[in-house]
Amino acid sequence: MPLLAEVGWGGLVQAPSTITWTDITQSVNQVQGVSITRGASDELSETQPGTATLRLDNQDGRFTPGNTASPYYPYVRRNAPIRISVAVMPTRTGSAPYPLAMLGDDFDDGRIDSTLWPTSTGGATETGGRLRIPMAPGVDTNHTSARQWTLAGSKLTAKLAAVPAVNGSSNVAASMWVTSTTSGTRIGWRYDALAGVIAAQSQTGFADGASVNLTYSAIDHAWLRVRESGGTVTWETSGNGFDWTVRRTLATPSWVTSQQHAVDFPTTRTGGTTGYIEWDLVGAEVRPRFYGMVNEFPVDWEGLSSTVTITCTDLFKRLNRLPALRSMVAEEIIEQAPLVYYPLNEPGTSTSAGDISGSGAPSLAITQAGAGGTLAMGSADGPAETGEQYPLLTPSSATAGKWLSVDLGPQFEDPGMYQYLCLEAWFQTTTTGRCIMGIHTTDLTYQHLLSVGAGGGLQIEWTSDGTALTTEAVSGPTTLANGNWHHVVYDQRDGKIWIDGTLADSSLAVPRLWGERMLHVGGYRGTRLWNGSIAHATIYSTLTTSAGPTASTHYAAGMTGYSGEDADVRIQRLARYAGLPSVTVWGTTHDPIASQGPGGTQVVARMREVESTESGKLFAERDYYGLAYQSRDIRYNPSPGTEVFTIDYADLEPGTSLADDDQKMVNSVQASRPSGATQRVTAPSSILAFGEYPQTLDVLKTSDNSVLDAAYWLVSRYANPGPELREVVIEAYTLSSYLDILDADISSYFTVYNLPSQAPASTLRVNVEGYTETIKERSHVIQFHTSTSLTDSVWVLDDSTYSVLDSTTRLAY
């Protein structure tokens, strides 16, 4: 059972597709073992950040931060990405011919297994826990198994641990083949070092005219597999040995189902100097256990011996240190990568307004036209769900007062020479004929304005030759000067404009204007000064695609905070704010979620609000950089016999315990929602028998009925919880169901049977809430934190299991 510990030296955990992983397994102290924690202690607790602890041999100083002699210098540093897996090796049973999935070798004992590999012509060795095959000039080598295997209905897997260097050669190639009894007929993978290509091939006569050639990537092609199933051969690659990508399929050649095969790892080199290729973990089944980052590399000494005991934390470490969220409007705009973005939410003492797009644009300065008028920052309440204040502009006249302006500089002008622009802003006024925002070139050849016309409707003004402005009225509402907040998005690329989230005009004939860099907000060059408030002035580039359709949705962000969108959509929205590309969503029950109000709280806190509202589960994935969100319905009524695994009580370790206490009891819930009623649900018979166990429930529901449903769900489950197994301890390595046990994760369920006579039942089914595990040499102890799965069962009419009065007649929520 090889441990597989890998560090992404120099990589960024938030950019997993760019990480090249280095195997450090040989440095891990597997006598002490690797400890990992994951999930929650029970179903009523939040999942906690996952952690891993492992001790590394540092005798040569390779794990000492700042050590220039380290092969990993200068990347031995905090927050280095790390992933931990176990590679379960197959056991060969029965008699030949064996399925290829039973061919396994971890190359860890320092000697070639001559029974498994009777032909080895190139001086192959087991070095550093890998198969190393030398590649000398002019020498073709073979490392070949006995001919006693079959590919039909089976597979061959190996890790390509190190590829050969060219070293001045004119031909360097190495392969992994499943071979026919006919010379030159074989299926597998071939690596060509000169071309930098990894090829999926089915050769006849040592050639394949339909070869699928891939540009080799040490990240994407770290693992190779070829398998046969149902008349099809499939070639696959993987970056971690667990998640596979199909690269080629082919109808199964007849020899695959009619012959016994050998496995060969041949090499060839013409000229140059000697190199080598390394393979590892042939036949391994990989199961990820942890993905995260190293917190620090503390160096310890005992005499002359040096060790480094590292502690690691999963994705939640990075999420928990992210700054507090801005308003949803701001987060949506920033996510869209604007060229410049001025929220205009500075406090009243400010004399300028800054760009927060990250492009480093200069600030908008308060500019005076004529005499009189005021511009008071932080004085006007903004759209309801922003929770912010914005500038209030009060001119003396259309030409006397203050506005905001800036020269965006050549760094903005250059992109503008080649790209269409998209303008966005919020505005509030009761005065017509004024300018929201405008932009022009330094010589005024090109000018572009958004304004509210004399009739109260929106208009676009422009010139492409420096002459008088052309005005084009926008189809749409003519009541924009009514004192309410309005939102506008103008996409020059498509000639479309959105007002308050609705497409108002799609036929604007404004020409493409280039090189604009002088920006004015709340007026234009000392004229048409705005009387009211303006917020979130933004400019996007639309070089390859339109920005308007997405920006138009920002109206809902400011006015409603996207209230009413389903919980899974909200979770994914929040994940995007945190820089995560996606969230794996499990389940189908996702209720509408209320607005979460203005900014000021961290993204994890917002996600936890949704999780709590929906009785869901949120946690970090253990095989890649990502989050998983489970809705409550994935635990409803599991089908009999579909457990991840079943286990005999006799196979459990000491520490397995049964509990029947009031730790989880809830028989009185007072529940409320934003802008809704406060309501109460009780279980009178439970209160009579045990006394009151109250709980307050604040949820982001959009209706009072939904609040009642949530309160009832909690009381119906915990008014009188029954006895349950809360801890189940398993020495998984010794069991035939080892792989199945490793597949168990949060919300998985399994059954313990043949319980002692003192148990309330001979068989108990439990949900996994979390676990702690210790991985050692030839040992893998997992202590599952569990709860009874009956807690989440719901009523099915006339069902023998799920229609038991006062037990499983719980209405689904």
# chains A, B, ... in the order shown; residues from 1 in each chain; ligands from 1

$ residues_around --residues "region 599-615 of chain A" --least-positions-apart "6" --cutoff "8 Å" --atoms "only C-alpha atoms" --output "PyMOL selection string"
chain A and resi 319-320+322-328+386-387+567+570-571+574-575+577-578+590-591+593+631-632+698-701+710

$ residues_around --residues "Ala677 (chain A)" --least-positions-apart "6" --cutoff "9 Å" --atoms "only C-alpha atoms" --output "list in words"
Ala671, Ser703, Asp704 and Val707 of chain A

$ write_last_selection --atoms "all heavy atoms" --output "JSON list (two decimals), in the first residue's frame"
[["chain", "number", "residue", "atom", "x", "y", "z"],
["A", 671, "ALA", "N", -37.80, 30.52, 14.56],
["A", 671, "ALA", "CA", -37.16, 30.74, 13.27],
["A", 671, "ALA", "C", -37.59, 32.06, 12.67],
["A", 671, "ALA", "O", -38.72, 32.52, 12.85],
["A", 671, "ALA", "CB", -37.52, 29.60, 12.32],
["A", 703, "SER", "N", -39.69, 33.16, 1.92],
["A", 703, "SER", "CA", -41.10, 33.16, 2.33],
["A", 703, "SER", "C", -41.22, 32.61, 3.74],
["A", 703, "SER", "O", -40.37, 31.82, 4.18],
["A", 703, "SER", "CB", -41.95, 32.31, 1.37],
["A", 703, "SER", "OG", -41.71, 30.93, 1.57],
["A", 704, "ASP", "N", -42.27, 33.00, 4.42],
["A", 704, "ASP", "CA", -42.49, 32.51, 5.78],
["A", 704, "ASP", "C", -42.79, 31.02, 5.78],
["A", 704, "ASP", "O", -42.42, 30.30, 6.73],
["A", 704, "ASP", "CB", -43.65, 33.28, 6.42],
["A", 704, "ASP", "CG", -43.29, 34.73, 6.72],
["A", 704, "ASP", "OD1", -42.09, 35.04, 6.76],
["A", 704, "ASP", "OD2", -44.22, 35.54, 6.89],
["A", 707, "VAL", "N", -39.64, 29.16, 5.92],
["A", 707, "VAL", "CA", -39.06, 29.20, 7.26],
["A", 707, "VAL", "C", -39.69, 28.13, 8.14],
["A", 707, "VAL", "O", -39.01, 27.41, 8.88],
["A", 707, "VAL", "CB", -39.24, 30.60, 7.88],
["A", 707, "VAL", "CG1", -38.76, 30.60, 9.34],
["A", 707, "VAL", "CG2", -38.48, 31.64, 7.07]]

$ residues_around --residues "region 486-493 of chain A" --least-positions-apart "4" --cutoff "9 Å" --atoms "only C-alpha atoms" --output "ChimeraX atom specification"
/A:383,419-428,450,458,460,480,497-501,508,510-513,540,542-543,545-549,551-552,554-555

$ residues_around --residues "Arg525 (chain A)" --least-positions-apart "5" --cutoff "9 Å" --atoms "only C-alpha atoms" --output "list in words"
Ala369, Trp403, Ser405, Gly438 and His520 of chain A

$ write_last_selection --atoms "C-alpha atoms" --output "mmCIF file, in the first residue's frame"
data_model
loop_
_atom_site.group_PDB
_atom_site.id
_atom_site.type_symbol
_atom_site.label_atom_id
_atom_site.label_comp_id
_atom_site.auth_asym_id
_atom_site.auth_seq_id
_atom_site.Cartn_x
_atom_site.Cartn_y
_atom_site.Cartn_z
ATOM 1 C CA ALA A 369 -16.427 74.476 -13.553
ATOM 2 C CA TRP A 403 -17.662 66.874 -11.576
ATOM 3 C CA SER A 405 -12.410 63.707 -14.359
ATOM 4 C CA GLY A 438 -18.106 60.655 -21.244
ATOM 5 C CA HIS A 520 -15.470 62.486 -17.196
#

$ closest_residue --among "A:Gly188, A:Gly378, A:Pro288, A:Gly153" --to "Thr204 (chain A)" --atoms "only C-alpha atoms"
A:Gly188

$ atom_distance --atom1 "CA of Val308 (chain A)" --atom2 "CA of Asp57 (chain A)"
6.6 Å

$ select_by_dssp --residues "region 374-561 of chain A" --states "alpha helix (DSSP H)" --output "list in words"
Pro410, Gln411, Phe412, Glu413, Asp414, Pro415, Gly416, Met417, Tyr418, Gly548, Pro549, Thr550, Ala551, His554, Tyr555, Ala556, Ala557, Gly558 and Met559 of chain A

$ residues_around --residues "Leu811 (chain A)" --least-positions-apart "6" --cutoff "9 Å" --atoms "only C-alpha atoms" --output "PDB file with all heavy atoms, in the first residue's frame"
ATOM      1  N   TYR A 712     -39.644  22.933  10.998  1.00  0.00           N
ATOM      2  CA  TYR A 712     -40.236  21.609  11.174  1.00  0.00           C
ATOM      3  C   TYR A 712     -39.219  20.519  10.883  1.00  0.00           C
ATOM      4  O   TYR A 712     -39.167  19.501  11.598  1.00  0.00           O
ATOM      5  CB  TYR A 712     -41.450  21.456  10.256  1.00  0.00           C
ATOM      6  CG  TYR A 712     -41.982  20.034  10.241  1.00  0.00           C
ATOM      7  CD1 TYR A 712     -42.786  19.559  11.276  1.00  0.00           C
ATOM      8  CD2 TYR A 712     -41.641  19.158   9.213  1.00  0.00           C
ATOM      9  CE1 TYR A 712     -43.247  18.247  11.285  1.00  0.00           C
ATOM     10  CE2 TYR A 712     -42.090  17.845   9.209  1.00  0.00           C
ATOM     11  CZ  TYR A 712     -42.890  17.394  10.236  1.00  0.00           C
ATOM     12  OH  TYR A 712     -43.330  16.092  10.247  1.00  0.00           O
ATOM     13  N   TRP A 713     -38.440  20.704   9.850  1.00  0.00           N
ATOM     14  CA  TRP A 713     -37.423  19.709   9.487  1.00  0.00           C
ATOM     15  C   TRP A 713     -36.468  19.456  10.645  1.00  0.00           C
ATOM     16  O   TRP A 713     -36.134  18.314  10.972  1.00  0.00           O
ATOM     17  CB  TRP A 713     -36.668  20.201   8.253  1.00  0.00           C
ATOM     18  CG  TRP A 713     -35.535  19.332   7.797  1.00  0.00           C
ATOM     19  CD1 TRP A 713     -34.210  19.628   7.857  1.00  0.00           C
ATOM     20  CD2 TRP A 713     -35.620  18.038   7.184  1.00  0.00           C
ATOM     21  NE1 TRP A 713     -33.457  18.606   7.321  1.00  0.00           N
ATOM     22  CE2 TRP A 713     -34.309  17.617   6.897  1.00  0.00           C
ATOM     23  CE3 TRP A 713     -36.682  17.205   6.846  1.00  0.00           C
ATOM     24  CZ2 TRP A 713     -34.025  16.389   6.300  1.00  0.00           C
ATOM     25  CZ3 TRP A 713     -36.407  15.978   6.245  1.00  0.00           C
ATOM     26  CH2 TRP A 713     -35.094  15.589   5.978  1.00  0.00           C
ATOM     27  N   SER A 716     -38.476  17.742  13.645  1.00  0.00           N
ATOM     28  CA  SER A 716     -38.898  16.373  13.339  1.00  0.00           C
ATOM     29  C   SER A 716     -37.727  15.398  13.376  1.00  0.00           C
ATOM     30  O   SER A 716     -37.915  14.207  13.607  1.00  0.00           O
ATOM     31  CB  SER A 716     -39.571  16.324  11.964  1.00  0.00           C
ATOM     32  OG  SER A 716     -38.648  16.596  10.926  1.00  0.00           O
ATOM     33  N   SER A 793     -34.324  10.321   6.757  1.00  0.00           N
ATOM     34  CA  SER A 793     -35.332   9.628   5.955  1.00  0.00           C
ATOM     35  C   SER A 793     -36.602  10.466   5.855  1.00  0.00           C
ATOM     36  O   SER A 793     -36.949  11.216   6.774  1.00  0.00           O
ATOM     37  CB  SER A 793     -35.649   8.268   6.586  1.00  0.00           C
ATOM     38  OG  SER A 793     -34.502   7.450   6.600  1.00  0.00           O
ATOM     39  N   VAL A 794     -37.304  10.310   4.747  1.00  0.00           N
ATOM     40  CA  VAL A 794     -38.542  11.053   4.536  1.00  0.00           C
ATOM     41  C   VAL A 794     -39.659  10.088   4.147  1.00  0.00           C
ATOM     42  O   VAL A 794     -39.419   8.962   3.705  1.00  0.00           O
ATOM     43  CB  VAL A 794     -38.375  12.138   3.451  1.00  0.00           C
ATOM     44  CG1 VAL A 794     -37.343  13.171   3.884  1.00  0.00           C
ATOM     45  CG2 VAL A 794     -37.970  11.533   2.118  1.00  0.00           C
ATOM     46  N   TRP A 795     -40.860  10.559   4.284  1.00  0.00           N
ATOM     47  CA  TRP A 795     -42.052   9.726   4.138  1.00  0.00           C
ATOM     48  C   TRP A 795     -42.270   9.304   2.690  1.00  0.00           C
ATOM     49  O   TRP A 795     -42.261  10.100   1.762  1.00  0.00           O
ATOM     50  CB  TRP A 795     -43.256  10.515   4.645  1.00  0.00           C
ATOM     51  CG  TRP A 795     -44.519   9.711   4.793  1.00  0.00           C
ATOM     52  CD1 TRP A 795     -44.681   8.369   4.647  1.00  0.00           C
ATOM     53  CD2 TRP A 795     -45.797  10.240   5.142  1.00  0.00           C
ATOM     54  NE1 TRP A 795     -45.978   8.003   4.897  1.00  0.00           N
ATOM     55  CE2 TRP A 795     -46.695   9.140   5.198  1.00  0.00           C
ATOM     56  CE3 TRP A 795     -46.279  11.506   5.423  1.00  0.00           C
ATOM     57  CZ2 TRP A 795     -48.045   9.302   5.513  1.00  0.00           C
ATOM     58  CZ3 TRP A 795     -47.612  11.670   5.750  1.00  0.00           C
ATOM     59  CH2 TRP A 795     -48.492  10.560   5.784  1.00  0.00           C
ATOM     60  N   VAL A 796     -42.489   8.008   2.504  1.00  0.00           N
ATOM     61  CA  VAL A 796     -42.937   7.454   1.225  1.00  0.00           C
ATOM     62  C   VAL A 796     -44.206   6.678   1.517  1.00  0.00           C
ATOM     63  O   VAL A 796     -44.189   5.695   2.277  1.00  0.00           O
ATOM     64  CB  VAL A 796     -41.874   6.535   0.597  1.00  0.00           C
ATOM     65  CG1 VAL A 796     -42.404   5.937  -0.708  1.00  0.00           C
ATOM     66  CG2 VAL A 796     -40.584   7.302   0.341  1.00  0.00           C
TER      67      VAL A 796
END

$ select_by_dssp --residues "region 123-338 of chain A" --states "strand (DSSP E or B)" --output "ChimeraX atom specification"
/A:125-127,130-135,141,143-144,149-150,155-162,171-179,186-192,197-204,207,212-215,223-229,232-238,244-251,261-264,267-270,275-280,282,285-294,299-302,305-314

$ write_last_selection --atoms "C-alpha atoms" --output "CSV table (one decimal), in the first residue's frame"
chain,number,residue,atom,x,y,z
A,125,THR,CA,17.1,-1.0,-11.6
A,126,GLU,CA,14.7,0.0,-8.8
A,127,THR,CA,16.0,3.4,-7.8
A,130,ARG,CA,10.9,3.7,-9.2
A,131,LEU,CA,11.7,1.5,-12.2
A,132,ARG,CA,14.7,3.2,-13.9
A,133,ILE,CA,15.6,2.0,-17.4
A,134,PRO,CA,18.9,3.3,-18.7
A,135,MET,CA,18.9,4.6,-22.3
A,141,THR,CA,16.1,-2.3,-24.3
A,143,HIS,CA,11.7,-4.7,-19.7
A,144,THR,CA,9.0,-7.4,-20.3
A,149,TRP,CA,-2.0,-11.6,-18.9
A,150,THR,CA,-5.2,-10.6,-20.7
A,155,LYS,CA,-6.6,-2.5,-17.9
A,156,LEU,CA,-3.0,-1.6,-17.6
A,157,THR,CA,-2.0,1.5,-15.6
A,158,ALA,CA,1.4,3.1,-14.9
A,159,LYS,CA,2.8,6.4,-13.7
A,160,LEU,CA,5.3,8.0,-16.2
A,161,ALA,CA,7.5,9.3,-13.4
A,162,ALA,CA,10.4,10.8,-15.5
A,171,ASN,CA,16.0,9.4,-31.9
A,172,VAL,CA,14.8,8.9,-28.3
A,173,ALA,CA,11.7,6.9,-27.6
A,174,ALA,CA,10.2,4.9,-24.8
A,175,SER,CA,6.9,3.0,-24.6
A,176,MET,CA,4.4,1.0,-22.6
A,177,TRP,CA,2.9,-1.8,-24.6
A,178,VAL,CA,0.5,-4.7,-24.3
A,179,THR,CA,1.9,-7.1,-26.8
A,186,ARG,CA,0.7,-4.2,-29.8
A,187,ILE,CA,-1.4,-1.6,-28.0
A,188,GLY,CA,-0.2,1.1,-25.7
A,189,TRP,CA,1.6,4.5,-25.3
A,190,ARG,CA,4.8,5.7,-27.0
A,191,TYR,CA,6.8,8.8,-25.9
A,192,ASP,CA,9.0,10.5,-28.5
A,197,VAL,CA,4.8,13.8,-28.2
A,198,ILE,CA,3.0,11.1,-26.3
A,199,ALA,CA,1.1,8.9,-28.7
A,200,ALA,CA,-1.9,6.5,-28.2
A,201,GLN,CA,-1.2,3.7,-30.6
A,202,SER,CA,-2.5,0.3,-31.9
A,203,GLN,CA,0.4,-0.9,-33.9
A,204,THR,CA,0.5,-3.6,-36.6
A,207,ALA,CA,3.3,1.1,-37.1
A,212,VAL,CA,-3.4,10.0,-31.8
A,213,ASN,CA,-0.5,12.3,-30.9
A,214,LEU,CA,-0.6,14.6,-27.9
A,215,THR,CA,2.0,17.3,-27.1
A,223,TRP,CA,-0.4,8.7,-15.6
A,224,LEU,CA,-1.1,6.5,-18.6
A,225,ARG,CA,-3.8,3.8,-18.9
A,226,VAL,CA,-5.1,1.5,-21.6
A,227,ARG,CA,-8.2,-0.6,-21.0
A,228,GLU,CA,-10.7,-2.7,-22.8
A,229,SER,CA,-14.4,-2.9,-22.1
A,232,THR,CA,-13.7,-1.0,-27.2
A,233,VAL,CA,-10.1,-0.2,-26.3
A,234,THR,CA,-9.7,3.1,-24.6
A,235,TRP,CA,-6.5,5.2,-24.0
A,236,GLU,CA,-6.6,7.6,-21.1
A,237,THR,CA,-4.2,10.0,-19.3
A,238,SER,CA,-4.4,11.5,-15.8
A,244,TRP,CA,-8.9,10.2,-16.2
A,245,THR,CA,-9.3,11.9,-19.6
A,246,VAL,CA,-10.1,9.7,-22.6
A,247,ARG,CA,-7.7,10.4,-25.5
A,248,ARG,CA,-8.6,7.7,-28.0
A,249,THR,CA,-11.0,4.8,-28.5
A,250,LEU,CA,-10.9,1.9,-31.0
A,251,ALA,CA,-12.9,-1.2,-31.7
A,261,HIS,CA,-0.3,-10.9,-23.5
A,262,ALA,CA,2.9,-9.6,-22.1
A,263,VAL,CA,3.6,-6.1,-20.9
A,264,ASP,CA,6.7,-4.4,-22.3
A,267,THR,CA,13.4,2.0,-25.1
A,268,THR,CA,15.6,3.2,-27.9
A,269,ARG,CA,18.2,5.9,-28.4
A,270,THR,CA,20.4,6.8,-31.4
A,275,GLY,CA,19.8,9.0,-20.2
A,276,TYR,CA,17.0,7.1,-18.6
A,277,ILE,CA,13.2,6.8,-18.2
A,278,GLU,CA,11.4,6.1,-15.0
A,279,TRP,CA,8.1,4.3,-14.4
A,280,ASP,CA,6.3,3.7,-11.2
A,282,VAL,CA,2.2,-0.2,-12.3
A,285,GLU,CA,-5.5,2.1,-7.9
A,286,VAL,CA,-5.1,5.7,-6.7
A,287,ARG,CA,-7.4,7.2,-4.1
A,288,PRO,CA,-6.8,10.9,-3.1
A,289,ARG,CA,-6.9,11.6,0.6
A,290,PHE,CA,-5.9,15.3,0.8
A,291,TYR,CA,-5.3,18.4,-1.4
A,292,GLY,CA,-4.1,21.6,0.1
A,293,MET,CA,-1.1,23.7,1.1
A,294,VAL,CA,1.8,23.4,3.5
A,299,VAL,CA,13.3,22.3,10.9
A,300,ASP,CA,14.0,20.2,14.0
A,301,TRP,CA,17.2,18.5,15.1
A,302,GLU,CA,18.0,15.5,17.3
A,305,SER,CA,19.6,14.1,12.6
A,306,SER,CA,17.2,16.6,11.0
A,307,THR,CA,13.5,16.3,10.4
A,308,VAL,CA,10.7,18.6,9.2
A,309,THR,CA,7.2,18.0,10.5
A,310,ILE,CA,4.8,19.8,8.2
A,311,THR,CA,1.1,20.6,8.9
A,312,CYS,CA,-1.1,21.2,5.9
A,313,THR,CA,-4.6,22.7,5.4
A,314,ASP,CA,-7.0,22.3,2.6

$ closest_residue --among "A:Met377, A:Ala222, A:Ile36, A:Ala146" --to "Val163 (chain A)" --atoms "only C-alpha atoms"
A:Ala222

$ residues_around --residues "Gly523 (chain A)" --least-positions-apart "5" --cutoff "7 Å" --atoms "only C-alpha atoms" --output "PyMOL selection string"
chain A and resi 403+434-437+528-530

$ residues_around --residues "Val28 (chain A)" --least-positions-apart "4" --cutoff "8 Å" --atoms "only C-alpha atoms" --output "list in words"
Ala5, Ile24, Gly33, Leu54, Arg55, Leu56 and Asp57 of chain A

$ atom_distance --atom1 "CA of Ala628 (chain A)" --atom2 "CA of Val585 (chain A)"
5.9 Å

$ atom_distance --atom1 "CA of Leu503 (chain A)" --atom2 "CA of Thr479 (chain A)"
15.9 Å

$ closest_residue --among "A:Ser183, A:Gln630, A:Gln758, A:Gln148" --to "Pro97 (chain A)" --atoms "only C-alpha atoms"
A:Gln148

$ closest_atom_pairs --of "region 328-446 of chain A" --to "region 462-472 of chain A" --cutoff "6 Å" --atoms "only C-alpha atoms" --output "JSON lines"
{"residue": "A:Leu444", "atom": "CA", "partner": "A:Gly466", "partner_atom": "CA", "distance": 5.5}
{"residue": "A:Thr445", "atom": "CA", "partner": "A:Gly466", "partner_atom": "CA", "distance": 3.9}
{"residue": "A:Tyr446", "atom": "CA", "partner": "A:Ser464", "partner_atom": "CA", "distance": 4.6}

$ closest_residue --among "A:Leu697, A:Leu3, A:Ala40, A:Ile334" --to "Asp23 (chain A)" --atoms "only C-alpha atoms"
A:Leu3
